[in-house]
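Asks: Pasting work.cif below, which is mmCIF, C-alpha atoms.
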```
data_target
loop_
_atom_site.label_atom_id
_atom_site.label_comp_id
_atom_site.auth_asym_id
_atom_site.auth_seq_id
_atom_site.Cartn_x
_atom_site.Cartn_y
_atom_site.Cartn_z
CA MET B 1 16.23 17.39 -15.04
CA ALA B 2 13.18 15.24 -14.69
CA ILE B 3 13.90 11.78 -13.29
CA MET B 4 10.73 10.15 -14.55
CA GLU B 5 9.16 11.42 -17.75
CA SER B 6 6.00 10.53 -19.63
CA ILE B 7 6.91 9.13 -23.06
CA GLU B 8 3.49 8.39 -24.45
CA THR B 9 -0.08 7.62 -23.40
CA ILE B 10 -2.37 5.69 -25.72
CA TYR B 11 -6.02 6.00 -24.76
CA LEU B 12 -8.27 4.01 -27.07
CA GLU B 13 -11.34 5.83 -28.31
CA GLN B 14 -12.50 2.77 -30.26
CA THR B 15 -11.87 -0.97 -30.17
CA THR B 16 -8.38 -1.65 -31.46
CA ALA B 17 -6.58 -4.89 -32.33
CA THR B 18 -3.00 -3.87 -31.64
CA VAL B 19 -1.19 -1.20 -29.67
CA THR B 20 2.38 -0.28 -30.57
CA PHE B 21 5.00 1.79 -28.80
CA ASP B 22 7.80 2.48 -31.25
CA SER B 23 10.75 4.83 -31.55
CA ILE B 24 11.32 4.44 -27.84
CA PRO B 25 14.13 6.81 -26.79
CA SER B 26 17.31 5.15 -25.54
CA THR B 27 17.98 7.94 -23.07
CA TYR B 28 16.49 6.30 -19.98
CA GLU B 29 17.68 3.53 -17.68
CA TYR B 30 14.31 1.90 -17.14
CA LEU B 31 10.90 1.93 -18.73
CA GLU B 32 7.71 1.81 -16.69
CA PHE B 33 4.51 0.79 -18.33
CA ARG B 34 1.12 1.36 -16.63
CA MET B 35 -2.20 0.19 -18.00
CA SER B 36 -5.94 -0.11 -17.47
CA VAL B 37 -7.27 -2.60 -20.04
CA SER B 38 -10.18 -4.73 -21.14
CA THR B 39 -10.65 -6.87 -24.27
CA ASP B 40 -13.58 -8.24 -26.25
CA TYR B 41 -12.94 -11.80 -25.07
CA THR B 42 -16.21 -13.44 -24.04
CA GLY B 43 -14.71 -16.28 -21.99
CA THR B 44 -13.84 -16.62 -18.35
CA GLY B 45 -13.91 -13.02 -17.23
CA TYR B 46 -10.25 -12.20 -17.73
CA ASP B 47 -7.71 -11.93 -20.49
CA ALA B 48 -3.99 -11.29 -20.82
CA ILE B 49 -1.89 -9.23 -23.20
CA LYS B 50 0.79 -10.59 -25.49
CA LEU B 51 3.93 -8.45 -25.66
CA ASN B 52 6.60 -8.72 -28.35
CA PHE B 53 9.78 -6.64 -28.33
CA ASN B 54 11.29 -5.25 -31.55
CA GLY B 55 9.00 -7.36 -33.73
CA ASP B 56 10.50 -10.64 -32.46
CA THR B 57 7.87 -13.40 -32.59
CA GLY B 58 10.31 -16.29 -32.09
CA SER B 59 10.19 -18.66 -29.11
CA ASN B 60 12.32 -16.33 -27.05
CA TYR B 61 10.12 -15.38 -24.13
CA SER B 62 9.46 -16.80 -20.67
CA GLU B 63 7.48 -15.75 -17.61
CA HIS B 64 6.82 -16.58 -13.96
CA GLY B 65 4.17 -15.43 -11.55
CA THR B 66 2.26 -15.97 -8.36
CA GLY B 67 -1.04 -14.71 -7.08
CA ALA B 68 -4.52 -15.41 -5.83
CA TYR B 69 -7.82 -15.37 -7.61
CA SER B 70 -11.56 -15.50 -6.99
CA ASN B 71 -11.36 -16.71 -3.40
CA THR B 72 -10.54 -20.22 -4.57
CA SER B 73 -6.83 -20.60 -4.95
CA ILE B 74 -3.33 -19.29 -4.70
CA TRP B 75 -1.11 -20.33 -7.53
CA ALA B 76 2.29 -20.15 -9.14
CA HIS B 77 2.83 -20.05 -12.87
CA ALA B 78 5.78 -20.55 -15.20
CA ALA B 79 6.12 -20.80 -18.97
CA GLY B 80 9.17 -20.86 -21.23
CA SER B 81 9.99 -20.79 -24.93
CA GLN B 82 6.93 -18.75 -25.69
CA THR B 83 6.49 -16.60 -28.76
CA TYR B 84 5.47 -13.69 -26.53
CA VAL B 85 5.51 -12.72 -22.88
CA ASN B 86 2.14 -12.20 -21.25
CA ILE B 87 1.30 -8.98 -19.46
CA TYR B 88 -1.43 -9.25 -16.86
CA ARG B 89 -4.25 -8.51 -16.32
CA ALA B 90 -6.90 -7.43 -18.80
CA SER B 91 -10.57 -7.70 -18.01
CA SER B 92 -13.03 -9.02 -20.62
CA LEU B 93 -16.62 -8.73 -21.80
CA LYS B 94 -17.89 -11.32 -19.35
CA ASN B 95 -17.22 -8.78 -16.66
CA ALA B 96 -19.32 -5.65 -16.95
CA GLY B 97 -18.09 -3.26 -19.65
CA TYR B 98 -16.88 -0.75 -17.08
CA GLU B 99 -14.55 -3.17 -15.27
CA TYR B 100 -10.94 -2.95 -16.43
CA GLY B 101 -7.83 -4.84 -15.36
CA ASN B 102 -4.64 -3.14 -14.20
CA GLY B 103 -0.91 -3.59 -14.20
CA ILE B 104 2.43 -1.86 -13.69
CA VAL B 105 5.45 -3.24 -15.56
CA THR B 106 9.09 -2.19 -15.23
CA ILE B 107 11.51 -3.05 -18.05
CA TYR B 108 15.06 -2.97 -16.71
CA ASP B 109 18.11 -1.52 -18.47
CA TYR B 110 16.24 -1.82 -21.75
CA ALA B 111 18.81 0.03 -23.85
CA ASN B 112 21.74 -2.16 -22.81
CA SER B 113 22.86 -4.40 -25.71
CA ASN B 114 24.82 -6.83 -23.49
CA LYS B 115 21.96 -8.17 -21.38
CA ASN B 116 18.82 -10.09 -22.09
CA THR B 117 15.78 -7.98 -21.28
CA THR B 118 13.92 -8.65 -18.05
CA LEU B 119 10.64 -7.19 -16.96
CA GLN B 120 8.92 -7.19 -13.61
CA GLN B 121 5.22 -6.77 -13.12
CA SER B 122 4.84 -5.48 -9.58
CA PHE B 123 1.05 -5.38 -9.72
CA ALA B 124 -1.43 -7.27 -11.81
CA GLY B 125 -5.08 -7.48 -11.03
CA VAL B 126 -8.68 -7.35 -12.01
CA ILE B 127 -11.79 -7.03 -9.90
CA GLY B 128 -14.77 -8.10 -11.95
CA GLY B 129 -18.15 -9.64 -11.51
CA TYR B 130 -16.85 -12.97 -12.82
CA TYR B 131 -13.23 -12.90 -11.80
CA THR B 132 -10.92 -11.29 -9.26
CA GLU B 133 -7.15 -11.53 -9.07
CA ALA B 134 -4.14 -10.04 -7.33
CA ALA B 135 -0.78 -11.16 -8.65
CA THR B 136 2.84 -10.36 -9.43
CA TYR B 137 4.87 -11.56 -12.41
CA GLY B 138 8.29 -11.53 -14.00
CA GLY B 139 9.24 -12.12 -17.60
CA SER B 140 12.21 -12.20 -19.93
CA TRP B 141 13.13 -11.82 -23.57
CA ASP B 142 16.13 -13.90 -24.60
CA SER B 143 17.76 -11.24 -26.68
CA THR B 144 20.47 -8.72 -25.94
CA ALA B 145 19.12 -6.22 -28.44
CA ALA B 146 18.21 -2.82 -27.07
CA VAL B 147 14.45 -2.43 -26.84
CA THR B 148 13.26 0.13 -29.37
CA SER B 149 9.63 -0.90 -29.72
CA PHE B 150 7.00 -3.29 -28.42
CA VAL B 151 3.62 -4.44 -29.61
CA LEU B 152 0.63 -5.46 -27.49
CA ASP B 153 -2.17 -7.80 -28.57
CA PRO B 154 -4.99 -9.42 -26.61
CA LEU B 155 -4.15 -13.05 -25.78
CA ASN B 156 -7.67 -14.45 -26.17
CA GLY B 157 -9.76 -11.59 -27.49
CA SER B 158 -9.49 -9.95 -30.88
CA ASN B 159 -9.52 -6.34 -29.77
CA PHE B 160 -8.84 -4.05 -26.86
CA LEU B 161 -12.02 -2.31 -25.78
CA ARG B 162 -12.62 1.41 -26.02
CA GLY B 163 -11.32 3.11 -22.89
CA SER B 164 -8.29 0.85 -22.55
CA GLU B 165 -5.29 2.94 -21.56
CA PHE B 166 -1.55 2.35 -21.85
CA SER B 167 1.08 4.78 -20.57
CA LEU B 168 4.83 4.47 -21.03
CA TYR B 169 7.31 6.30 -18.79
CA GLY B 170 11.08 6.62 -18.84
CA ILE B 171 13.14 6.62 -15.63
CA LYS B 172 16.59 8.20 -15.58
CA SER B 173 19.50 7.58 -13.25
CA SER B 174 21.75 10.24 -11.76
CA MET T 1 -1.60 17.27 11.60
CA ALA T 2 0.91 18.95 9.35
CA GLU T 3 -0.63 19.08 5.91
CA THR T 4 1.07 20.35 2.79
CA ILE T 5 -1.01 20.86 -0.36
CA ASN T 6 0.61 21.74 -3.68
CA THR T 7 -1.73 24.31 -5.26
CA ALA T 8 1.02 26.06 -7.22
CA THR T 9 0.66 26.56 -10.93
CA PRO T 10 1.98 23.29 -12.37
CA ASP T 11 5.62 23.70 -13.36
CA TYR T 12 5.03 21.70 -16.52
CA ILE T 13 2.97 24.62 -17.82
CA VAL T 14 5.29 27.46 -18.84
CA GLU T 15 3.52 30.57 -20.15
CA GLY T 16 0.58 28.42 -21.11
CA VAL T 17 2.64 25.78 -22.94
CA LEU T 18 2.99 22.18 -21.77
CA THR T 19 6.57 21.12 -21.20
CA ASP T 20 8.13 17.76 -20.38
CA GLY T 21 8.56 17.76 -16.64
CA GLU T 22 8.35 15.09 -13.98
CA SER T 23 5.50 12.71 -14.61
CA TRP T 24 4.92 12.26 -10.88
CA VAL T 25 3.65 15.45 -9.23
CA PRO T 26 3.57 15.74 -5.42
CA LEU T 27 0.04 16.70 -4.41
CA ILE T 28 -0.54 16.37 -0.67
CA THR T 29 1.59 15.31 2.29
CA ASN T 30 0.10 14.61 5.71
CA ILE T 31 2.31 14.01 8.74
CA LEU T 32 0.37 13.38 11.94
CA ASP T 33 1.47 15.31 15.03
CA ALA T 34 -1.31 13.57 17.01
CA THR T 35 -3.49 10.52 16.50
CA ALA T 36 -6.26 11.06 13.98
CA SER T 37 -9.46 9.14 13.29
CA GLU T 38 -9.23 9.84 9.57
CA ILE T 39 -6.97 11.53 7.05
CA ILE T 40 -8.60 13.29 4.12
CA PHE T 41 -7.05 13.95 0.71
CA GLU T 42 -9.10 16.10 -1.63
CA SER T 43 -8.76 17.69 -5.05
CA THR T 44 -8.49 21.48 -4.93
CA THR T 45 -6.72 23.82 -7.34
CA GLY T 46 -3.46 24.23 -9.27
CA ALA T 47 -1.25 21.14 -9.20
CA ASN T 48 -3.70 19.57 -6.74
CA GLU T 49 -6.55 19.63 -9.28
CA TRP T 50 -6.88 15.89 -9.81
CA SER T 51 -8.76 16.02 -13.11
CA GLN T 52 -5.42 16.45 -14.95
CA TYR T 53 -3.95 13.12 -13.79
CA MET T 54 -4.18 9.61 -15.15
CA ASP T 55 -3.36 7.77 -11.92
CA LEU T 56 -2.86 8.63 -8.26
CA VAL T 57 -0.22 6.98 -6.08
CA MET T 58 -0.39 7.01 -2.28
CA ILE T 59 2.74 6.15 -0.30
CA ILE T 60 2.18 5.26 3.35
CA TYR T 61 4.53 4.97 6.28
CA GLY T 62 2.06 4.41 9.08
CA ARG T 63 0.91 2.85 12.29
CA ALA T 64 -2.43 2.36 14.03
CA ASN T 65 -3.34 3.46 17.54
CA HIS T 66 -4.94 0.21 18.74
CA SER T 67 -4.13 -2.55 21.21
CA ALA T 68 -3.80 -5.24 18.53
CA SER T 69 -0.58 -6.11 16.71
CA TYR T 70 -1.83 -4.63 13.45
CA ARG T 71 -4.88 -2.96 11.95
CA ASN T 72 -6.29 -3.02 8.44
CA ILE T 73 -6.22 0.05 6.22
CA HIS T 74 -9.60 1.28 5.00
CA ILE T 75 -9.84 3.62 2.02
CA TYR T 76 -13.10 5.36 1.13
CA LEU T 77 -13.57 7.36 -2.05
CA ASN T 78 -15.72 10.45 -2.63
CA ASP T 79 -17.37 10.15 0.82
CA ASP T 80 -18.78 6.70 0.03
CA THR T 81 -18.29 4.79 3.31
CA THR T 82 -20.62 1.91 2.46
CA ALA T 83 -18.39 -1.14 2.88
CA GLY T 84 -20.46 -3.17 0.42
CA ASN T 85 -19.43 -0.84 -2.40
CA TYR T 86 -15.83 -2.03 -2.16
CA THR T 87 -14.31 -5.37 -3.13
CA THR T 88 -10.80 -6.69 -2.52
CA GLN T 89 -8.87 -9.71 -3.78
CA TYR T 90 -5.70 -10.22 -1.78
CA TYR T 91 -3.04 -12.62 -0.70
CA VAL T 92 -0.63 -12.37 2.17
CA GLY T 93 2.50 -14.08 3.43
CA ASP T 94 4.48 -13.98 6.64
CA GLY T 95 7.29 -16.32 5.65
CA GLY T 96 6.27 -18.85 8.26
CA GLY T 97 5.11 -21.51 5.89
CA GLY T 98 7.20 -20.69 2.88
CA SER T 99 4.06 -19.89 0.93
CA PRO T 100 1.18 -17.43 1.09
CA THR T 101 -0.72 -17.82 4.32
CA GLY T 102 -4.00 -16.28 3.32
CA TYR T 103 -6.04 -15.30 0.33
CA SER T 104 -9.57 -14.18 -0.09
CA THR T 105 -12.08 -12.19 -2.01
CA TYR T 106 -13.27 -9.70 0.56
CA GLY T 107 -16.43 -7.63 0.38
CA GLY T 108 -15.27 -4.35 1.84
CA SER T 109 -12.53 -1.78 1.92
CA TYR T 110 -9.24 -3.53 2.72
CA TYR T 111 -6.00 -2.04 1.44
CA GLY T 112 -3.43 -3.90 3.52
CA TRP T 113 -2.40 -3.24 7.09
CA VAL T 114 -0.12 -1.26 9.37
CA PRO T 115 1.43 -2.22 12.74
CA ALA T 116 -0.37 -1.24 15.96
CA HIS T 117 0.24 -0.98 19.69
CA SER T 118 1.38 -4.45 20.62
CA THR T 119 4.18 -3.99 18.11
CA THR T 120 7.31 -2.15 19.25
CA ASP T 121 6.56 1.58 19.41
CA ALA T 122 8.91 2.77 16.72
CA ILE T 123 7.81 0.26 14.08
CA TYR T 124 5.78 1.72 11.24
CA GLY T 125 4.58 -0.10 8.15
CA ALA T 126 5.20 0.69 4.49
CA GLY T 127 2.59 0.70 1.78
CA MET T 128 1.74 1.90 -1.70
CA ILE T 129 -1.64 2.19 -3.38
CA THR T 130 -2.11 2.99 -7.08
CA PHE T 131 -5.50 4.30 -8.19
CA TYR T 132 -5.88 3.76 -11.95
CA ASP T 133 -7.47 6.02 -14.56
CA ILE T 134 -9.19 8.12 -11.91
CA ASN T 135 -11.10 10.40 -14.29
CA SER T 136 -12.53 7.72 -16.57
CA GLY T 137 -16.03 6.30 -16.75
CA LYS T 138 -14.71 2.93 -15.58
CA ARG T 139 -15.44 1.33 -12.26
CA LYS T 140 -12.52 2.57 -10.21
CA SER T 141 -9.91 0.00 -9.33
CA SER T 142 -6.55 0.03 -7.61
CA ASN T 143 -3.67 -2.14 -6.48
CA SER T 144 -2.36 -2.03 -2.95
CA TRP T 145 0.77 -3.38 -1.32
CA THR T 146 1.92 -3.24 2.28
CA ALA T 147 4.91 -4.69 4.14
CA ASN T 148 5.39 -4.61 7.91
CA ASP T 149 7.25 -5.99 10.79
CA ALA T 150 4.92 -6.42 13.76
CA ALA T 151 6.97 -7.86 16.60
CA GLY T 152 7.24 -11.23 14.93
CA SER T 153 3.86 -11.25 13.26
CA GLY T 154 4.60 -9.07 10.27
CA GLY T 155 4.13 -9.90 6.65
CA VAL T 156 3.40 -8.70 3.17
CA TYR T 157 0.09 -8.07 1.46
CA LEU T 158 -0.78 -7.67 -2.22
CA GLY T 159 -4.29 -6.70 -3.20
CA SER T 160 -6.53 -5.62 -6.03
CA ASN T 161 -9.35 -3.32 -5.02
CA ALA T 162 -12.48 -1.98 -6.65
CA TRP T 163 -14.99 0.72 -5.82
CA GLU T 164 -18.41 0.00 -7.30
CA ASN T 165 -18.70 3.43 -8.85
CA THR T 166 -17.73 5.06 -12.14
CA ALA T 167 -17.40 8.63 -10.83
CA ALA T 168 -14.09 10.48 -11.08
CA ILE T 169 -12.12 10.26 -7.85
CA THR T 170 -11.97 13.65 -6.12
CA LYS T 171 -11.59 12.67 -2.46
CA ILE T 172 -9.82 9.88 -0.56
CA LYS T 173 -10.32 9.06 3.11
CA PHE T 174 -7.68 6.96 4.88
CA GLU T 175 -8.47 5.34 8.22
CA CYS T 176 -7.33 2.39 10.33
CA GLN T 177 -9.68 -0.43 11.33
CA SER T 178 -11.41 0.24 14.69
CA GLY T 179 -8.81 2.73 15.87
CA ASP T 180 -7.02 5.95 15.15
CA THR T 181 -4.00 6.39 12.95
CA HIS T 182 -0.93 6.91 15.12
CA GLU T 183 1.06 10.14 15.30
CA ASP T 184 4.10 10.45 13.06
CA THR T 185 2.31 8.49 10.37
CA ARG T 186 3.22 10.00 7.03
CA ILE T 187 1.17 9.71 3.85
CA ASP T 188 2.15 11.27 0.52
CA LEU T 189 -0.12 11.51 -2.49
CA PHE T 190 1.22 11.89 -6.04
CA GLY T 191 -0.48 12.48 -9.36
CA VAL T 192 0.81 10.62 -12.44
CA LEU T 193 0.49 12.60 -15.66
CA PRO T 194 -0.33 11.14 -19.07
CA ARG T 195 1.32 12.30 -22.30
CA MET T 196 -1.18 12.33 -25.12
CA VAL T 197 1.04 12.00 -28.19
CA THR T 198 -1.40 10.16 -30.46
CA ALA T 199 -5.14 10.44 -30.92
#
```
Could you quickly redo this structure as structure tokens?

Replies:
Amino acid sequence: MAIMESIETIYLEQTTATVTFDSIPSTYEYLEFRMSVSTDYTGTGYDAIKLNFNGDTGSNYSEHGTGAYSNTSIWAHAAGSQTYVNIYRASSLKNAGYEYGNGIVTIYDYANSNKNTTLQQSFAGVIGGYYTEAATYGGSWDSTAAVTSFVLDPLNGSNFLRGSEFSLYGIKSS
Amino acid sequence: MAETINTATPDYIVEGVLTDGESWVPLITNILDATASEIIFESTTGANEWSQYMDLVMIIYGRANHSASYRNIHIYLNDDTTAGNYTTQYYVGDGGGGSPTGYSTYGGSYYGWVPAHSTTDAIYGAGMITFYDINSGKRKSSNSWTANDAAGSGGVYLGSNAWENTAAITKIKFECQSGDTHEDTRIDLFGVLPRMVTA
């Protein structure tokens, strides 16, 4: 029996506004989500990704993080009652078109209908000509519903750029 | 150096058909039986043909052979040892101040650190490096994390790293800053498979 299985990889061959993982099997204990992403945002050199579980766009999300960026600052970040939880980090058009941001996200006990859903982002970063960052984040969705789908949208940009890649894995217990 | 390379026919290919197996595939393990100036990981054949993987993950349990308390980890890709072709953004903490004690954008190859000689002999440091989308036309980037005790001067490191090149990654060189890597250091390399369900 495989302990960690690939569920689906989405590799964008053209700019795309929204990426959806649906019909997520309930047969795992944890989900791991790995990505290499850039958007068409023309601003500061970085972007983030809005995540919504099960189509819920209510003010049911919160997040916390800490990191360092662009040789100028270390920081801590918190936000509550959001209509999405941010996933970090996407690069953007202000960086060169071949510079993509990265992240690894673990969604814990996602199929349990007695717990709110918590995610941990162990790595988040981008190394670009206009922005560099290394960070770690946590987030939560204030719902006990089992996660069966999630949708990803650029926070500031309109589209994910061609070449953006999202891979979802399932991790089993004994 | 005891090196194990997995060149077997991938077990997720059964009679030419892809099956759902483990998404992490063990590729190469190196366990040093003597100090070494560098440790090379290279794509070959079978399961160790890297062009089939989305990401690579390197897990390190290591130590440097140097008089200092710790030494930085340098990673060089595809034989490119020009430091200026690598960039790192990192922050570190040792718990002493209750907050990160250092952060910088660093022009060069810096993937965390491992303990060295002035640290108690048996102490080795842990680390993990993820290389993303290694076969793409993107500039290659990675995240690195290390955690060490070092006789009272240990700490944690979290970094983002970039190699100023869009070539597919086929070779990785690991070395410790101005010194050899100590014997009994162990480094494992894994390939992470994609699953292309949709176009």

Asks: Restrict the calculation to only C-alpha atoms, then for each residue of chain T with any atom at most 10 Å from an atom of chain B give the closest atom pair and their distance in Å to one decimal, rows by chain and rising residue number, as a Markdown table.

Replies:
```
| residue | atom | partner | partner_atom | distance |
| --- | --- | --- | --- | --- |
| T:Asp20 | CA | B:Glu5 | CA | 6.9 |
| T:Gly21 | CA | B:Ala2 | CA | 5.6 |
| T:Glu22 | CA | B:Ala2 | CA | 4.9 |
| T:Ser23 | CA | B:Glu5 | CA | 5.0 |
| T:Trp24 | CA | B:Met4 | CA | 7.2 |
| T:Met54 | CA | B:Ser167 | CA | 9.0 |
| T:Asp55 | CA | B:Arg34 | CA | 9.1 |
| T:Thr87 | CA | B:Ile127 | CA | 7.4 |
| T:Thr88 | CA | B:Ile127 | CA | 7.5 |
| T:Gln89 | CA | B:Glu133 | CA | 5.9 |
| T:Tyr90 | CA | B:Ala134 | CA | 5.8 |
| T:Tyr91 | CA | B:Ala68 | CA | 6.0 |
| T:Val92 | CA | B:Ala68 | CA | 9.4 |
| T:Ser99 | CA | B:Ile74 | CA | 9.3 |
| T:Pro100 | CA | B:Ile74 | CA | 7.6 |
| T:Thr101 | CA | B:Ile74 | CA | 9.5 |
| T:Gly102 | CA | B:Ile74 | CA | 8.6 |
| T:Tyr103 | CA | B:Ala68 | CA | 6.3 |
| T:Ser104 | CA | B:Asn71 | CA | 4.5 |
| T:Thr105 | CA | B:Asn71 | CA | 4.8 |
| T:Tyr106 | CA | B:Asn71 | CA | 8.3 |
| T:Thr130 | CA | B:Phe123 | CA | 9.3 |
| T:Phe131 | CA | B:Asn102 | CA | 9.6 |
| T:Tyr132 | CA | B:Ser36 | CA | 6.7 |
| T:Asp133 | CA | B:Ser36 | CA | 7.0 |
| T:Ser136 | CA | B:Gly163 | CA | 7.9 |
| T:Gly137 | CA | B:Tyr98 | CA | 7.1 |
| T:Lys138 | CA | B:Tyr98 | CA | 4.5 |
| T:Arg139 | CA | B:Tyr98 | CA | 5.4 |
| T:Lys140 | CA | B:Glu99 | CA | 7.9 |
| T:Ser141 | CA | B:Ile127 | CA | 7.3 |
| T:Ser142 | CA | B:Asn102 | CA | 7.6 |
| T:Asn143 | CA | B:Phe123 | CA | 6.6 |
| T:Ser144 | CA | B:Phe123 | CA | 8.3 |
| T:Trp145 | CA | B:Phe123 | CA | 8.6 |
| T:Tyr157 | CA | B:Ala134 | CA | 10.0 |
| T:Leu158 | CA | B:Ala134 | CA | 6.6 |
| T:Gly159 | CA | B:Ala134 | CA | 5.3 |
| T:Ser160 | CA | B:Ala134 | CA | 5.2 |
| T:Asn161 | CA | B:Ile127 | CA | 6.6 |
| T:Ala162 | CA | B:Ile127 | CA | 6.0 |
| T:Trp163 | CA | B:Ile127 | CA | 9.3 |
| T:Glu164 | CA | B:Glu99 | CA | 9.4 |
| T:Asn165 | CA | B:Tyr98 | CA | 9.4 |
| T:Thr166 | CA | B:Tyr98 | CA | 7.7 |
| T:Val192 | CA | B:Ser6 | CA | 8.9 |
| T:Leu193 | CA | B:Ser6 | CA | 7.1 |
| T:Pro194 | CA | B:Thr9 | CA | 5.6 |
| T:Arg195 | CA | B:Glu8 | CA | 5.0 |
| T:Met196 | CA | B:Thr9 | CA | 5.1 |
| T:Val197 | CA | B:Glu8 | CA | 5.7 |
| T:Thr198 | CA | B:Ile10 | CA | 6.6 |
| T:Ala199 | CA | B:Ile10 | CA | 7.6 |
```

Asks: Print the selection's residues with C-alpha atoms to a file, as a PDB file, keeping the file's coordinate frame.

Replies:
```pdb
ATOM      1  CA  ASP T  20       8.130  17.760 -20.380  1.00  0.00           C
ATOM      2  CA  GLY T  21       8.560  17.760 -16.640  1.00  0.00           C
ATOM      3  CA  GLU T  22       8.350  15.090 -13.980  1.00  0.00           C
ATOM      4  CA  SER T  23       5.500  12.710 -14.610  1.00  0.00           C
ATOM      5  CA  TRP T  24       4.920  12.260 -10.880  1.00  0.00           C
ATOM      6  CA  MET T  54      -4.180   9.610 -15.150  1.00  0.00           C
ATOM      7  CA  ASP T  55      -3.360   7.770 -11.920  1.00  0.00           C
ATOM      8  CA  THR T  87     -14.310  -5.370  -3.130  1.00  0.00           C
ATOM      9  CA  THR T  88     -10.800  -6.690  -2.520  1.00  0.00           C
ATOM     10  CA  GLN T  89      -8.870  -9.710  -3.780  1.00  0.00           C
ATOM     11  CA  TYR T  90      -5.700 -10.220  -1.780  1.00  0.00           C
ATOM     12  CA  TYR T  91      -3.040 -12.620  -0.700  1.00  0.00           C
ATOM     13  CA  VAL T  92      -0.630 -12.370   2.170  1.00  0.00           C
ATOM     14  CA  SER T  99       4.060 -19.890   0.930  1.00  0.00           C
ATOM     15  CA  PRO T 100       1.180 -17.430   1.090  1.00  0.00           C
ATOM     16  CA  THR T 101      -0.720 -17.820   4.320  1.00  0.00           C
ATOM     17  CA  GLY T 102      -4.000 -16.280   3.320  1.00  0.00           C
ATOM     18  CA  TYR T 103      -6.040 -15.300   0.330  1.00  0.00           C
ATOM     19  CA  SER T 104      -9.570 -14.180  -0.090  1.00  0.00           C
ATOM     20  CA  THR T 105     -12.080 -12.190  -2.010  1.00  0.00           C
ATOM     21  CA  TYR T 106     -13.270  -9.700   0.560  1.00  0.00           C
ATOM     22  CA  THR T 130      -2.110   2.990  -7.080  1.00  0.00           C
ATOM     23  CA  PHE T 131      -5.500   4.300  -8.190  1.00  0.00           C
ATOM     24  CA  TYR T 132      -5.880   3.760 -11.950  1.00  0.00           C
ATOM     25  CA  ASP T 133      -7.470   6.020 -14.560  1.00  0.00           C
ATOM     26  CA  SER T 136     -12.530   7.720 -16.570  1.00  0.00           C
ATOM     27  CA  GLY T 137     -16.030   6.300 -16.750  1.00  0.00           C
ATOM     28  CA  LYS T 138     -14.710   2.930 -15.580  1.00  0.00           C
ATOM     29  CA  ARG T 139     -15.440   1.330 -12.260  1.00  0.00           C
ATOM     30  CA  LYS T 140     -12.520   2.570 -10.210  1.00  0.00           C
ATOM     31  CA  SER T 141      -9.910   0.000  -9.330  1.00  0.00           C
ATOM     32  CA  SER T 142      -6.550   0.030  -7.610  1.00  0.00           C
ATOM     33  CA  ASN T 143      -3.670  -2.140  -6.480  1.00  0.00           C
ATOM     34  CA  SER T 144      -2.360  -2.030  -2.950  1.00  0.00           C
ATOM     35  CA  TRP T 145       0.770  -3.380  -1.320  1.00  0.00           C
ATOM     36  CA  TYR T 157       0.090  -8.070   1.460  1.00  0.00           C
ATOM     37  CA  LEU T 158      -0.780  -7.670  -2.220  1.00  0.00           C
ATOM     38  CA  GLY T 159      -4.290  -6.700  -3.200  1.00  0.00           C
ATOM     39  CA  SER T 160      -6.530  -5.620  -6.030  1.00  0.00           C
ATOM     40  CA  ASN T 161      -9.350  -3.320  -5.020  1.00  0.00           C
ATOM     41  CA  ALA T 162     -12.480  -1.980  -6.650  1.00  0.00           C
ATOM     42  CA  TRP T 163     -14.990   0.720  -5.820  1.00  0.00           C
ATOM     43  CA  GLU T 164     -18.410   0.000  -7.300  1.00  0.00           C
ATOM     44  CA  ASN T 165     -18.700   3.430  -8.850  1.00  0.00           C
ATOM     45  CA  THR T 166     -17.730   5.060 -12.140  1.00  0.00           C
ATOM     46  CA  VAL T 192       0.810  10.620 -12.440  1.00  0.00           C
ATOM     47  CA  LEU T 193       0.490  12.600 -15.660  1.00  0.00           C
ATOM     48  CA  PRO T 194      -0.330  11.140 -19.070  1.00  0.00           C
ATOM     49  CA  ARG T 195       1.320  12.300 -22.300  1.00  0.00           C
ATOM     50  CA  MET T 196      -1.180  12.330 -25.120  1.00  0.00           C
ATOM     51  CA  VAL T 197       1.040  12.000 -28.190  1.00  0.00           C
ATOM     52  CA  THR T 198      -1.400  10.160 -30.460  1.00  0.00           C
ATOM     53  CA  ALA T 199      -5.140  10.440 -30.920  1.00  0.00           C
TER      54      ALA T 199
END
```

Asks: Once the PyMOL selection byres ((chain B and resi 155) around 7) has been applied to the shown file, what residues remain in the selection, as a ChimeraX atom specification?

Replies: /B:47-50,153-154,156-157

Asks: Give as a list in words the residues that the PyMOL selection byres ((chain T and resi 69) around 8) matches when applied to the coordinates above.

Replies: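 Against this file, the PyMOL selection byres ((chain T and resi 69) around 8) returns the residues His66, Ser67, Ala68, Tyr70, Arg71, Pro115, Ala116, His117, Ser118, Thr119, Ala150, Ala151 and Ser153 of chain T.
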
Asks: I want to know what sits within 9 Å of Val147 (chain B), based on only C-alpha atoms, with residues of the same chain fewer than 5 positions away left out; could you give that as a PyMOL selection string?

Replies: chain B and resi 24+26+53-54+110-113+117

Asks: If we count only C-alpha atoms, what is near Gly191 (chain T) at a cut-off of 10 Å, once residues fewer than 4 positions away on the same chain are taken out, given as a list in words?

Replies: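 Surrounding residues, per the criterion: Ser23, Trp24, Val25, Pro26, Leu27, Ile28, Ala47, Asn48, Glu49, Trp50, Ser51, Gln52, Tyr53, Met54, Asp55, Leu56, Val57, Met58, Thr130 and Phe131 of chain T.
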
Asks: For Ile87 (chain B), which residue out of B:Pro25, B:Gly45, B:Gly58, B:Gly139 is the nearest one, using only C-alpha atoms?

Replies: B:Gly139
